[in-house]
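What follows is data36.cif (mmCIF, C-alpha atoms).
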```cif
data_start
#
loop_
_atom_site.label_atom_id
_atom_site.label_comp_id
_atom_site.auth_asym_id
_atom_site.auth_seq_id
_atom_site.Cartn_x
_atom_site.Cartn_y
_atom_site.Cartn_z
CA MET K 1 44.92 135.19 113.67
CA ARG K 2 45.31 132.62 116.43
CA LEU K 3 44.57 128.92 116.19
CA PRO K 4 41.19 127.90 117.60
CA ALA K 5 41.45 126.96 121.27
CA PHE K 6 41.83 123.31 122.23
CA SER K 7 39.37 121.61 124.56
CA ALA K 8 38.95 118.27 126.30
CA SER K 9 36.55 117.19 123.54
CA ASP K 10 39.20 117.57 120.83
CA LYS K 11 40.95 114.68 119.16
CA VAL K 12 44.15 116.04 117.63
CA LEU K 13 46.06 114.17 114.92
CA ILE K 14 49.59 115.29 113.98
CA LEU K 15 50.68 113.94 110.57
CA ALA K 16 54.47 114.01 110.24
CA PRO K 17 56.17 113.01 106.97
CA HIS K 18 59.40 112.20 108.87
CA PRO K 19 60.37 111.77 112.52
CA ASP K 20 61.27 115.32 113.66
CA ASP K 21 58.67 117.25 111.61
CA GLU K 22 56.15 116.99 114.45
CA ALA K 23 58.62 118.55 116.90
CA ILE K 24 59.85 121.20 114.47
CA ALA K 25 56.39 122.45 113.55
CA CYS K 26 54.01 121.38 116.31
CA ALA K 27 55.80 120.90 119.65
CA GLY K 28 54.00 123.91 121.11
CA VAL K 29 50.63 122.75 119.76
CA ILE K 30 51.23 119.29 121.22
CA GLN K 31 51.91 120.74 124.67
CA GLU K 32 48.89 123.05 124.56
CA ALA K 33 46.51 120.33 123.34
CA LEU K 34 47.58 117.97 126.13
CA ARG K 35 47.38 120.76 128.69
CA ARG K 36 43.74 121.35 127.69
CA GLY K 37 42.90 117.67 128.10
CA ALA K 38 42.64 116.85 124.38
CA PHE K 39 43.42 113.40 123.04
CA LEU K 40 46.42 113.43 120.70
CA LYS K 41 48.11 111.03 118.31
CA VAL K 42 51.06 111.38 115.94
CA ALA K 43 51.28 109.40 112.68
CA TYR K 44 54.59 109.26 110.80
CA LEU K 45 54.46 108.58 107.06
CA THR K 46 58.10 107.44 106.78
CA ASN K 47 60.90 106.50 109.15
CA GLY K 48 63.15 109.09 107.51
CA ASP K 49 65.66 106.55 106.21
CA HIS K 50 66.88 108.57 103.18
CA ASN K 51 68.91 111.42 104.72
CA GLN K 52 72.39 110.44 103.53
CA LEU K 53 74.18 113.62 104.65
CA ALA K 54 72.75 113.47 108.16
CA PHE K 55 73.63 109.78 108.44
CA LEU K 56 77.20 110.48 107.23
CA VAL K 57 77.70 113.04 110.00
CA TYR K 58 75.95 110.88 112.61
CA LYS K 59 77.88 107.70 111.80
CA LYS K 60 81.11 109.57 110.94
CA ARG K 61 81.42 107.41 107.84
CA PRO K 62 79.43 106.82 104.64
CA VAL K 63 76.23 104.81 105.02
CA LEU K 64 76.11 102.56 101.96
CA ARG K 65 74.49 99.19 102.67
CA THR K 66 70.75 98.61 102.46
CA GLY K 67 70.57 97.31 106.02
CA GLU K 68 72.31 100.42 107.35
CA PHE K 69 69.61 102.72 105.96
CA ILE K 70 66.95 100.58 107.63
CA GLN K 71 68.94 100.74 110.86
CA MET K 72 68.95 104.54 110.60
CA GLY K 73 65.18 104.40 110.15
CA GLU K 74 65.02 102.50 113.44
CA VAL K 75 67.25 105.14 115.04
CA ARG K 76 64.89 107.89 113.97
CA ARG K 77 61.92 105.93 115.29
CA ARG K 78 63.56 105.66 118.70
CA GLU K 79 64.39 109.36 118.61
CA ALA K 80 60.75 110.15 117.90
CA VAL K 81 59.62 108.07 120.87
CA GLN K 82 62.07 109.93 123.11
CA ALA K 83 61.14 113.37 121.73
CA MET K 84 57.41 112.81 122.11
CA ARG K 85 57.79 111.32 125.58
CA SER K 86 59.54 114.55 126.59
CA LEU K 87 56.41 116.45 125.46
CA GLY K 88 54.01 114.10 127.25
CA VAL K 89 52.97 111.84 124.36
CA PRO K 90 53.27 108.12 125.25
CA VAL K 91 54.57 105.60 122.72
CA GLU K 92 51.13 103.98 122.36
CA ASP K 93 49.87 107.23 120.82
CA LEU K 94 52.54 107.17 118.09
CA VAL K 95 51.80 105.43 114.77
CA PHE K 96 54.69 104.63 112.43
CA LEU K 97 53.76 103.68 108.87
CA GLY K 98 57.29 103.30 107.47
CA TYR K 99 56.73 104.03 103.78
CA PRO K 100 59.78 105.03 101.70
CA ASP K 101 61.44 108.30 102.61
CA PHE K 102 61.75 110.45 99.47
CA GLY K 103 59.45 108.07 97.60
CA THR K 104 55.87 108.84 98.64
CA PHE K 105 55.27 111.57 96.06
CA SER K 106 56.38 109.23 93.27
CA ILE K 107 54.00 106.63 94.69
CA PHE K 108 51.13 109.14 94.65
CA CYS K 109 51.89 110.07 91.03
CA LYS K 110 52.60 106.66 89.54
CA TYR K 111 52.30 103.56 91.71
CA TRP K 112 48.67 102.48 91.81
CA LYS K 113 46.70 99.70 90.14
CA SER K 114 48.36 97.32 87.66
CA ARG K 115 51.85 98.56 88.50
CA LYS K 116 54.70 96.95 90.43
CA PRO K 117 55.35 98.56 93.81
CA TYR K 118 57.77 101.44 94.10
CA LYS K 119 61.37 100.42 94.90
CA SER K 120 63.26 102.66 97.33
CA ILE K 121 66.31 104.31 95.78
CA LEU K 122 68.57 103.57 98.75
CA THR K 123 67.14 100.53 100.51
CA ARG K 124 66.23 98.80 97.22
CA ILE K 125 63.14 97.25 98.82
CA SER K 126 59.47 97.55 97.90
CA ALA K 127 57.64 96.95 101.18
CA VAL K 128 57.72 98.36 104.71
CA PRO K 129 60.67 96.64 106.47
CA TYR K 130 60.04 97.76 110.06
CA LYS K 131 58.48 94.93 112.10
CA ASP K 132 57.11 97.20 114.82
CA ASN K 133 55.39 99.55 112.37
CA PHE K 134 51.67 99.80 111.71
CA SER K 135 52.21 99.05 108.01
CA TYR K 136 54.82 96.30 108.30
CA ALA K 137 55.21 94.28 105.05
CA SER K 138 52.80 96.54 103.13
CA ALA K 139 53.88 97.02 99.52
CA TYR K 140 54.94 100.50 98.46
CA ASN K 141 51.85 101.54 96.50
CA GLY K 142 49.24 104.25 96.68
CA GLU K 143 46.39 101.95 97.70
CA ASN K 144 48.21 100.83 100.84
CA ILE K 145 49.20 104.32 101.99
CA LEU K 146 45.68 105.60 101.39
CA SER K 147 44.11 102.58 103.10
CA ASP K 148 46.35 102.90 106.17
CA LEU K 149 45.64 106.61 106.51
CA LYS K 150 41.91 105.99 106.22
CA LYS K 151 42.11 103.31 108.92
CA ILE K 152 43.77 105.81 111.25
CA LEU K 153 41.16 108.47 110.48
CA LEU K 154 38.23 106.10 110.93
CA ASP K 155 39.58 104.64 114.15
CA TYR K 156 40.55 107.97 115.73
CA ARG K 157 38.01 110.39 114.15
CA PRO K 158 40.08 113.53 114.75
CA THR K 159 38.56 116.97 115.15
CA LYS K 160 41.79 118.81 114.33
CA ILE K 161 44.52 117.63 111.94
CA PHE K 162 47.97 119.18 111.60
CA VAL K 163 49.75 118.17 108.39
CA SER K 164 52.63 119.22 106.17
CA HIS K 165 51.94 122.01 103.67
CA LEU K 166 51.10 121.65 99.97
CA GLY K 167 53.56 124.48 99.26
CA ASP K 168 56.46 122.68 100.99
CA VAL K 169 59.30 121.87 98.58
CA ASN K 170 59.97 118.48 100.19
CA VAL K 171 58.26 115.75 98.17
CA ASP K 172 57.14 113.68 101.17
CA HIS K 173 55.62 116.79 102.74
CA LYS K 174 53.56 117.42 99.60
CA ALA K 175 52.56 113.77 99.41
CA TYR K 176 51.20 113.51 102.96
CA TYR K 177 48.79 116.38 102.37
CA LEU K 178 47.78 114.94 98.99
CA PHE K 179 46.99 111.55 100.52
CA LEU K 180 45.09 113.32 103.31
CA CYS K 181 42.98 115.26 100.79
CA ILE K 182 41.90 112.02 99.11
CA ALA K 183 41.32 110.19 102.40
CA LEU K 184 39.14 112.99 103.78
CA ALA K 185 37.14 113.16 100.54
CA ASP K 186 36.54 109.40 100.65
CA LEU K 187 35.51 109.50 104.33
CA GLU K 188 33.51 112.73 104.36
CA LYS K 189 30.22 110.95 105.12
CA GLU K 190 31.78 108.86 107.91
CA ILE K 191 33.89 111.43 109.79
CA GLY K 192 32.66 114.80 108.51
CA ARG K 193 35.15 117.61 107.97
CA PRO K 194 37.79 117.95 110.68
CA GLN K 195 39.70 121.21 110.80
CA VAL K 196 42.99 120.96 108.88
CA PHE K 197 45.99 123.14 109.72
CA PRO K 198 49.02 122.76 107.39
CA TYR K 199 52.49 123.63 108.66
CA LEU K 200 55.46 124.66 106.55
CA VAL K 201 58.97 123.29 107.10
CA HIS K 202 60.92 123.34 103.82
CA CYS K 203 60.94 126.67 102.00
CA PRO K 204 64.12 128.09 100.37
CA GLY K 205 65.78 130.76 102.49
CA TRP K 206 63.34 130.44 105.39
CA PRO K 207 63.24 130.90 108.30
CA LEU K 208 65.93 133.51 108.87
CA PRO K 209 68.05 134.10 110.83
CA ARG K 210 69.19 130.55 111.29
CA HIS K 211 69.83 128.87 114.64
CA TYR K 212 68.19 129.39 118.02
CA HIS K 213 66.29 132.69 118.37
CA PRO K 214 63.42 132.09 120.84
CA ASP K 215 62.78 135.83 121.18
CA LEU K 216 61.89 136.22 117.49
CA PRO K 217 58.53 135.48 115.83
CA LEU K 218 58.12 132.91 113.07
CA LEU K 219 56.74 134.90 110.13
CA PRO K 220 55.40 133.60 106.78
CA PRO K 221 58.02 133.32 104.01
CA GLY K 222 58.24 136.22 101.57
CA GLN K 223 57.35 133.86 98.72
CA PHE K 224 53.88 133.49 100.25
CA SER K 225 53.24 137.18 100.86
CA GLY K 226 50.16 138.54 99.11
CA LEU K 227 48.56 135.11 98.70
CA ALA K 228 45.19 134.59 100.36
CA LEU K 229 46.52 132.07 102.88
CA ASP K 230 44.67 131.93 106.15
CA TRP K 231 47.71 132.12 108.42
CA ARG K 232 47.15 131.07 112.03
CA VAL K 233 49.63 131.33 114.89
CA HIS K 234 50.03 129.45 118.12
CA ARG K 235 52.04 131.34 120.73
CA LEU K 236 54.45 129.51 123.03
CA ASN K 237 55.31 130.48 126.59
CA GLY K 238 58.86 130.23 127.91
CA ALA K 239 58.43 126.73 129.28
CA ASP K 240 56.94 125.47 126.02
CA ILE K 241 59.82 126.98 124.06
CA GLY K 242 62.31 125.22 126.31
CA LYS K 243 60.59 121.85 125.88
CA LYS K 244 60.39 122.31 122.12
CA HIS K 245 64.12 123.04 122.03
CA ASP K 246 64.85 119.88 124.02
CA ALA K 247 62.49 117.75 121.90
CA ILE K 248 64.24 118.77 118.68
CA LEU K 249 67.62 117.96 120.24
CA CYS K 250 66.35 114.41 120.84
CA TYR K 251 66.85 113.92 117.09
CA ARG K 252 70.62 113.58 117.35
CA SER K 253 70.83 111.85 113.96
CA GLN K 254 69.57 115.09 112.40
CA THR K 255 70.82 117.87 114.67
CA ARG K 256 74.47 116.81 114.41
CA SER K 257 74.40 118.09 110.83
CA SER K 258 71.46 120.53 110.82
CA ALA K 259 70.96 121.99 114.30
CA PHE K 260 71.45 125.50 112.90
CA TYR K 261 68.41 124.93 110.66
CA LEU K 262 66.14 122.85 112.90
CA LEU K 263 66.55 125.11 115.91
CA SER K 264 65.56 128.14 113.82
CA PHE K 265 61.96 126.91 114.24
CA VAL K 266 62.17 127.37 118.00
CA ARG K 267 60.50 130.79 118.09
CA GLY K 268 57.81 132.56 120.05
CA ASN K 269 55.08 131.07 117.87
CA GLU K 270 54.23 128.25 115.49
CA LEU K 271 52.70 129.00 112.11
CA PHE K 272 49.93 127.29 110.14
CA GLY K 273 48.25 128.31 106.90
CA ASP K 274 46.38 126.80 103.97
CA TYR K 275 45.65 127.82 100.41
CA PRO K 276 41.97 128.61 99.88
CA GLU K 277 39.99 126.20 97.75
CA ILE K 278 39.27 127.44 94.23
CA THR K 279 35.73 126.92 92.95
CA LEU K 280 35.13 127.02 89.19
CA GLY K 281 31.81 127.08 87.38
CA SER K 282 31.13 124.91 84.36
CA VAL K 283 31.52 127.99 82.14
CA GLY K 284 33.23 131.27 82.91
CA LYS K 285 36.19 132.70 84.69
CA GLY K 286 38.21 131.37 87.57
CA ARG K 287 39.79 133.40 90.28
CA LEU K 288 43.40 134.38 89.72
CA PHE K 289 46.00 132.97 92.10
CA PRO K 290 49.46 134.29 91.25
CA PHE K 291 52.78 133.05 92.51
CA SER K 292 53.48 136.34 94.23
CA ARG K 293 50.18 138.13 94.91
CA GLU K 294 46.42 137.79 94.48
CA ILE K 295 44.26 139.74 92.05
CA PRO K 296 40.70 140.42 93.29
CA ASP K 297 37.89 138.82 91.30
CA GLU K 298 36.58 142.14 90.09
CA GLU K 299 39.95 142.95 88.50
CA TYR K 300 40.29 139.62 86.71
CA ASP K 301 40.14 139.75 82.93
CA PRO K 302 40.45 136.23 81.46
CA SER K 303 41.06 137.61 77.98
CA GLY K 304 43.87 139.92 79.03
CA PRO K 305 47.51 139.05 79.67
CA ASN K 306 48.53 137.87 83.11
CA GLU K 307 51.55 139.47 84.69
CA ALA K 308 54.72 137.35 84.65
CA GLY K 309 54.52 134.69 87.34
CA GLU K 310 50.74 134.72 87.70
CA ALA K 311 48.48 131.75 87.08
CA SER K 312 44.74 131.49 86.55
CA TYR K 313 42.38 128.53 86.24
CA SER K 314 39.07 128.24 84.41
CA VAL K 315 36.67 125.71 82.89
CA SER K 316 34.72 126.27 79.68
CA GLY K 317 33.09 123.90 77.22
CA GLY K 318 34.29 120.79 79.02
CA VAL K 319 37.93 121.96 78.96
CA PHE K 320 40.13 122.88 81.93
CA TYR K 321 42.37 125.87 81.21
CA ILE K 322 45.54 127.01 82.96
CA THR K 323 46.93 130.41 81.96
CA VAL K 324 50.35 131.56 83.13
CA GLY K 325 51.79 135.00 82.52
CA LYS K 326 55.42 135.21 81.43
CA ASN K 327 58.04 137.66 80.33
CA TRP K 328 57.98 138.34 76.61
CA GLU K 329 61.65 137.41 76.10
CA LEU K 330 60.91 133.81 77.16
CA GLU K 331 58.79 133.06 74.11
CA LYS K 332 61.39 130.70 72.63
CA ARG K 333 62.67 129.29 75.94
CA PHE K 334 59.52 128.83 77.99
CA VAL K 335 58.94 125.43 79.67
CA PHE K 336 55.74 124.67 81.56
CA THR K 337 54.92 121.63 83.71
CA ALA K 338 51.78 120.70 85.61
CA TYR K 339 50.57 117.89 87.85
CA ILE K 340 46.80 117.37 87.71
CA PHE K 341 45.11 114.81 89.94
CA GLY K 342 41.35 114.48 89.59
CA TYR K 343 38.91 113.13 92.17
CA LYS K 344 35.42 111.92 91.31
CA ASN K 345 32.75 110.88 93.77
CA GLY K 346 31.95 107.19 93.45
CA VAL K 347 35.14 106.35 91.53
CA GLU K 348 38.08 104.69 93.24
CA PHE K 349 40.94 107.18 93.28
CA ALA K 350 43.40 104.52 92.13
CA ALA K 351 41.48 104.34 88.85
CA MET K 352 41.56 108.11 88.22
CA PRO K 353 44.19 109.60 85.88
CA LYS K 354 47.35 110.99 87.52
CA ILE K 355 48.43 113.49 84.88
CA MET K 356 51.82 115.08 84.38
CA PHE K 357 51.86 117.62 81.56
CA ILE K 358 55.09 119.01 80.03
CA SER K 359 55.21 121.75 77.41
CA ARG K 360 58.48 122.92 75.87
CA TYR K 361 57.77 126.01 73.81
CA ASN K 362 54.64 124.81 72.00
CA VAL K 363 55.47 121.08 71.90
CA PHE K 364 53.89 119.06 74.67
CA LYS K 365 53.54 115.57 76.16
CA MET K 366 51.17 114.03 78.70
CA PHE K 367 51.75 111.14 81.08
CA ASP K 368 49.31 109.20 83.22
CA LYS K 369 50.95 107.42 86.17
CA GLY K 370 54.27 107.89 84.37
CA ARG K 371 53.15 106.38 81.07
CA PRO K 372 52.66 108.42 77.86
CA VAL K 373 48.99 108.91 76.98
CA SER K 374 47.06 110.34 74.09
CA SER K 375 46.78 114.12 74.20
CA GLY K 376 43.96 114.40 71.70
CA GLY K 377 42.04 117.62 72.22
CA VAL K 378 44.80 119.24 74.31
CA SER K 379 45.82 122.72 73.22
CA VAL K 380 48.77 125.01 74.01
CA GLN K 381 48.64 128.66 73.03
CA LEU K 382 51.95 130.45 73.48
CA SER K 383 52.28 134.21 73.04
CA LYS K 384 54.76 136.83 74.18
CA GLU K 385 52.82 137.54 77.38
CA ARG K 386 51.34 134.19 78.43
CA VAL K 387 50.81 130.49 77.81
CA THR K 388 47.37 128.88 77.99
CA VAL K 389 47.01 125.12 78.28
CA GLY K 390 43.62 123.52 77.68
CA ILE K 391 42.96 119.89 78.66
CA PRO K 392 39.57 118.24 78.08
CA LEU K 393 38.02 117.16 81.36
CA HIS K 394 37.40 113.63 80.06
CA LEU K 395 41.19 113.13 79.88
CA LEU K 396 41.28 114.01 83.59
CA GLY K 397 38.55 111.48 84.45
CA ASP K 398 35.67 114.02 84.43
CA PRO K 399 36.55 115.00 88.01
CA ASP K 400 34.47 116.75 90.66
CA ARG K 401 37.63 118.11 92.29
CA MET K 402 41.28 118.47 91.30
CA LEU K 403 44.67 118.94 92.88
CA VAL K 404 46.82 121.05 90.55
CA SER K 405 50.43 122.21 90.75
CA ILE K 406 52.33 124.17 88.10
CA ARG K 407 55.94 125.19 87.53
CA THR K 408 57.61 127.30 84.87
CA TYR K 409 61.19 127.31 83.59
CA ASP K 410 63.52 129.35 81.41
CA ARG K 411 64.91 126.36 79.57
CA MET K 412 65.84 124.30 82.65
CA GLN K 413 66.12 127.14 85.18
CA PRO K 414 63.05 127.44 87.45
CA ARG K 415 61.21 130.75 87.05
CA GLY K 416 58.07 130.26 89.13
CA ALA K 417 56.02 127.67 90.98
CA ALA K 418 52.61 127.35 92.55
CA GLY K 419 52.08 124.77 95.28
CA PHE K 420 49.23 122.32 94.85
CA ARG K 421 45.83 124.03 94.79
CA ARG K 422 42.53 122.37 95.62
CA ILE K 423 40.03 123.08 92.85
CA ARG K 424 36.33 122.21 93.04
CA LEU K 425 34.22 122.08 89.87
CA ASN K 426 30.59 123.21 90.01
CA LYS K 427 29.01 121.15 87.29
#
```

Starting from the coordinates I provided, produce the structure as structure tokens.
Amino acid sequence: MRLPAFSASDKVLILAPHPDDEAIACAGVIQEALRRGAFLKVAYLTNGDHNQLAFLVYKKRPVLRTGEFIQMGEVRRREAVQAMRSLGVPVEDLVFLGYPDFGTFSIFCKYWKSRKPYKSILTRISAVPYKDNFSYASAYNGENILSDLKKILLDYRPTKIFVSHLGDVNVDHKAYYLFLCIALADLEKEIGRPQVFPYLVHCPGWPLPRHYHPDLPLLPPGQFSGLALDWRVHRLNGADIGKKHDAILCYRSQTRSSAFYLLSFVRGNELFGDYPEITLGSVGKGRLFPFSREIPDEEYDPSGPNEAGEASYSVSGGVFYITVGKNWELEKRFVFTAYIFGYKNGVEFAAMPKIMFISRYNVFKMFDKGRPVSSGGVSVQLSKERVTVGIPLHLLGDPDRMLVSIRTYDRMQPRGAAGFRRIRLNK
């Protein structure tokens, strides 16, 4: 299915976790939106100052000092200005936040109220260092990122938003969508519900073949086949493909080491798709969303075993249940982890629990914002065919909605993963 057409009444917002993501995933969309007379802005979450390998190749020597990483962040900012200018986007329509590259997911999980700001692993600083950035001097915490994103949304009031995908394996890509989910929920009465189109960049073994193949289509990764994602495509003409190619090459700090990968996104189309929202009743079954394929509602049996690699969600008696099917031989080696972020209308998100749950065999721990918390009332049932985790909703802040991600391991070897799913509770 194609993307909805752009018009002169549209306000398009491209949310890029790093400088280059907007060109990799949306250069064709940017050109089409501007051609149709739409307004367009790009907002960068980070300056991309954590890519050590790329900087090593670019500088032809190791980049070790704190100031050098910040300098590379400035380089990537200048590259973004050049790349977007080549597509017709002026510098005044670019917003650079400058939060820590490779640190924004940790901030979302842990760094909120009553906690010191996050400290960047490489730069060793805890506030935005870029003087020309929108968020200059803002401390690295969740409140500031969320507040800045909400300011952008309120000021611009976009009709269409393009953002990194919840199933992307890059932590900053996950984080930008998570922050967007919370910002849009907080602002729903003020700005309504703009259309949101997630784009995928980081997925193991995708896209293939590598390098520049403008005659080939960009198809969804095999890992996502069978899932009920609403994939949309935007087709590029020859001129658009050429400009996208040139825009990506503006990022010399990245293409010197990864041109074979980045240019593999220069295809005959761009691809966008989102997971459907899961709605659960206060009692009863939830729809099954496996890692590899989807089981129709009418075939779902909550009492029966799930196939290995499948996950289901349900709520009953004030308890949120996650059931994951597994191979029988993993009974003594099975490790299960989950992130659960609840949202409740009228409650500041910073005050809501940010739960990480870890179960090794049938022994488990829970953390809220990185700190151990009481797991009273939590249950783990492990059998040969499946594991079922039950967490009382009051430990999750009695949420109206949740963002949930799960991963399974054979000891420490990953066996399956489900990108963050949006779950709404009908109370």

Item to check | Proximity to Asp172 in chain K - best of K:Asp21, K:Asp49, K:Glu277, K:Asp101, all atoms listed in the file | outcome: K:Asp101

Mind telling me what the PyMOL selection byres ((chain K and resi 400) around 8) catches here, as a compact mmCIF listing (two decimals) with C-alpha atoms, in the frame of the given file?
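Below you can see result_37.txt, which holds the result:
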```txt
# COMPACT_ATOMS: atom_id res chain seq x y z
CA GLY K 342 41.35 114.48 89.59
CA TYR K 343 38.91 113.13 92.17
CA LYS K 344 35.42 111.92 91.31
CA ASN K 345 32.75 110.88 93.77
CA ASP K 398 35.67 114.02 84.43
CA PRO K 399 36.55 115.00 88.01
CA ARG K 401 37.63 118.11 92.29
CA MET K 402 41.28 118.47 91.30
CA ARG K 424 36.33 122.21 93.04
CA LEU K 425 34.22 122.08 89.87
CA ASN K 426 30.59 123.21 90.01
CA LYS K 427 29.01 121.15 87.29
```

Checklist entry - Could you spell out the hits of the PyMOL selection byres ((chain K and resi 121) around 10) on the shown file, as a list in words? => result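 Applying the expression gives His50, Thr66, Pro100, Asp101, Phe102, Gly103, Tyr118, Lys119, Ser120, Leu122, Thr123, Arg124, Ile125 and Ser126 of chain K.
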
Checklist entry - Do you know which residues the PyMOL selection byres ((chain K and resi 261) around 10) returns on this file, as a ChimeraX atom specification? => result /K:206-212,255,257-260,262-266

Checklist entry - Within 12 Å of Pro353 in chain K, counting all atoms listed in the file, which residues qualify if same-chain residues fewer than 4 places away don't, as a PyMOL selection string? => result chain K and resi 108-113+339-344+347-349+357+366-373+393-399+402-403

Please determine an axis-aligned box that encloses all atoms of range 268-275 of chain K listed in the file, with 3 Å added on each side, and express its centre and edge lengths in Å to one decimal as AutoDock Vina command-line options.
```
--center_x 51.7 --center_y 129.7 --center_z 110.2 --size_x 18.2 --size_y 11.8 --size_z 25.6
```

Next on the checklist: as a list in words, please: the residues near Asn170 in chain K (cut-off 12 Å, only C-alpha atoms, same-chain neighbours under 4 positions excluded).
Outcome noted: Pro17, His18, Asp21, Asp101, Phe102, Gly103, Thr104, Phe105, Ser164, His165, Leu166, Lys174, Ala175, Tyr176, Tyr177, Leu200, Val201, His202, Cys203, Pro204 and Gly419 of chain K

Would you output that residue set with C-alpha atoms, as a PDB file, in the coordinates of the input?
```pdb
ATOM      1  CA  PRO K  17      56.170 113.010 106.970  1.00  0.00           C
ATOM      2  CA  HIS K  18      59.400 112.200 108.870  1.00  0.00           C
ATOM      3  CA  ASP K  21      58.670 117.250 111.610  1.00  0.00           C
ATOM      4  CA  ASP K 101      61.440 108.300 102.610  1.00  0.00           C
ATOM      5  CA  PHE K 102      61.750 110.450  99.470  1.00  0.00           C
ATOM      6  CA  GLY K 103      59.450 108.070  97.600  1.00  0.00           C
ATOM      7  CA  THR K 104      55.870 108.840  98.640  1.00  0.00           C
ATOM      8  CA  PHE K 105      55.270 111.570  96.060  1.00  0.00           C
ATOM      9  CA  SER K 164      52.630 119.220 106.170  1.00  0.00           C
ATOM     10  CA  HIS K 165      51.940 122.010 103.670  1.00  0.00           C
ATOM     11  CA  LEU K 166      51.100 121.650  99.970  1.00  0.00           C
ATOM     12  CA  LYS K 174      53.560 117.420  99.600  1.00  0.00           C
ATOM     13  CA  ALA K 175      52.560 113.770  99.410  1.00  0.00           C
ATOM     14  CA  TYR K 176      51.200 113.510 102.960  1.00  0.00           C
ATOM     15  CA  TYR K 177      48.790 116.380 102.370  1.00  0.00           C
ATOM     16  CA  LEU K 200      55.460 124.660 106.550  1.00  0.00           C
ATOM     17  CA  VAL K 201      58.970 123.290 107.100  1.00  0.00           C
ATOM     18  CA  HIS K 202      60.920 123.340 103.820  1.00  0.00           C
ATOM     19  CA  CYS K 203      60.940 126.670 102.000  1.00  0.00           C
ATOM     20  CA  PRO K 204      64.120 128.090 100.370  1.00  0.00           C
ATOM     21  CA  GLY K 419      52.080 124.770  95.280  1.00  0.00           C
TER      22      GLY K 419
END
```

Next on the checklist: Please list as a list in words every residue within 8 Å of range 27-41 of chain K, counting only C-alpha atoms and excluding residues in the same chain fewer than 4 positions away.
Outcome noted: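 Listing them by chain and then by number gives Phe6, Ser7, Ala8, Ser9, Asp10, Lys11, Val12, Leu13, Ile14, Glu22, Ala23, Leu87, Gly88, Val89, Asp93, Leu94, Val95, His234, Arg235, Leu236, Asp240, Ile241, Lys243, Lys244, Ala247, Asn269 and Glu270 of chain K.
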
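One finds CA of Phe320 in chain K at 8.1 Å from CA of Val389 in chain K.
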
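Note that CA of Gly268 in chain K and CA of Pro217 in chain K are 5.2 Å apart.
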
Next on the checklist: Just to confirm, what's the straight-line distance from CA of Leu45 in chain K to CA of Pro220 in chain K in Å (one decimal)?
Outcome noted: 25.0 Å

Checklist entry - Which residue gives the smallest distance to Leu184 in chain K among K:Lys150, K:His213, K:Arg252, K:Lys131, with all atoms listed in the file counted? => result K:Lys150

Checklist entry - Got a sec: who's within 12 Å of Asn144 in chain K, counting all atoms listed in the file, leaving out chain neighbours fewer than 3 positions off, as a PyMOL selection string? => result chain K and resi 45+97-99+104+107-108+111-113+117-118+127-128+134-141+147-151+179+183+350

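Considering the residues K:Gly192, K:Pro129, K:Gly390, K:Gly142 and counting all atoms listed in the file, Leu154 in chain K has its shortest atom-to-atom contact with K:Gly192.
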
Next on the checklist: Given only C-alpha atoms as the basis, pick out the residue of K:Phe197, K:Ser375, K:Tyr361, K:Val404 nearest to Ala311 in chain K.
Outcome noted: K:Val404

Next on the checklist: Measuring between only C-alpha atoms, which one of K:Val75, K:Leu15, K:Tyr409, K:Val91 shows the shortest distance to Pro158 in chain K?
Outcome noted: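 The answer is K:Leu15, which sits nearest to Pro158 in chain K.
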
Next on the checklist: Let me make sure I understand: among K:Ser314, K:Pro19, K:Ala5, K:Thr46, which one has the smallest atom-to-atom distance to Lys160 in chain K if we use all atoms listed in the file?
Outcome noted: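 So, comparing all the options, the nearest one is K:Ala5.
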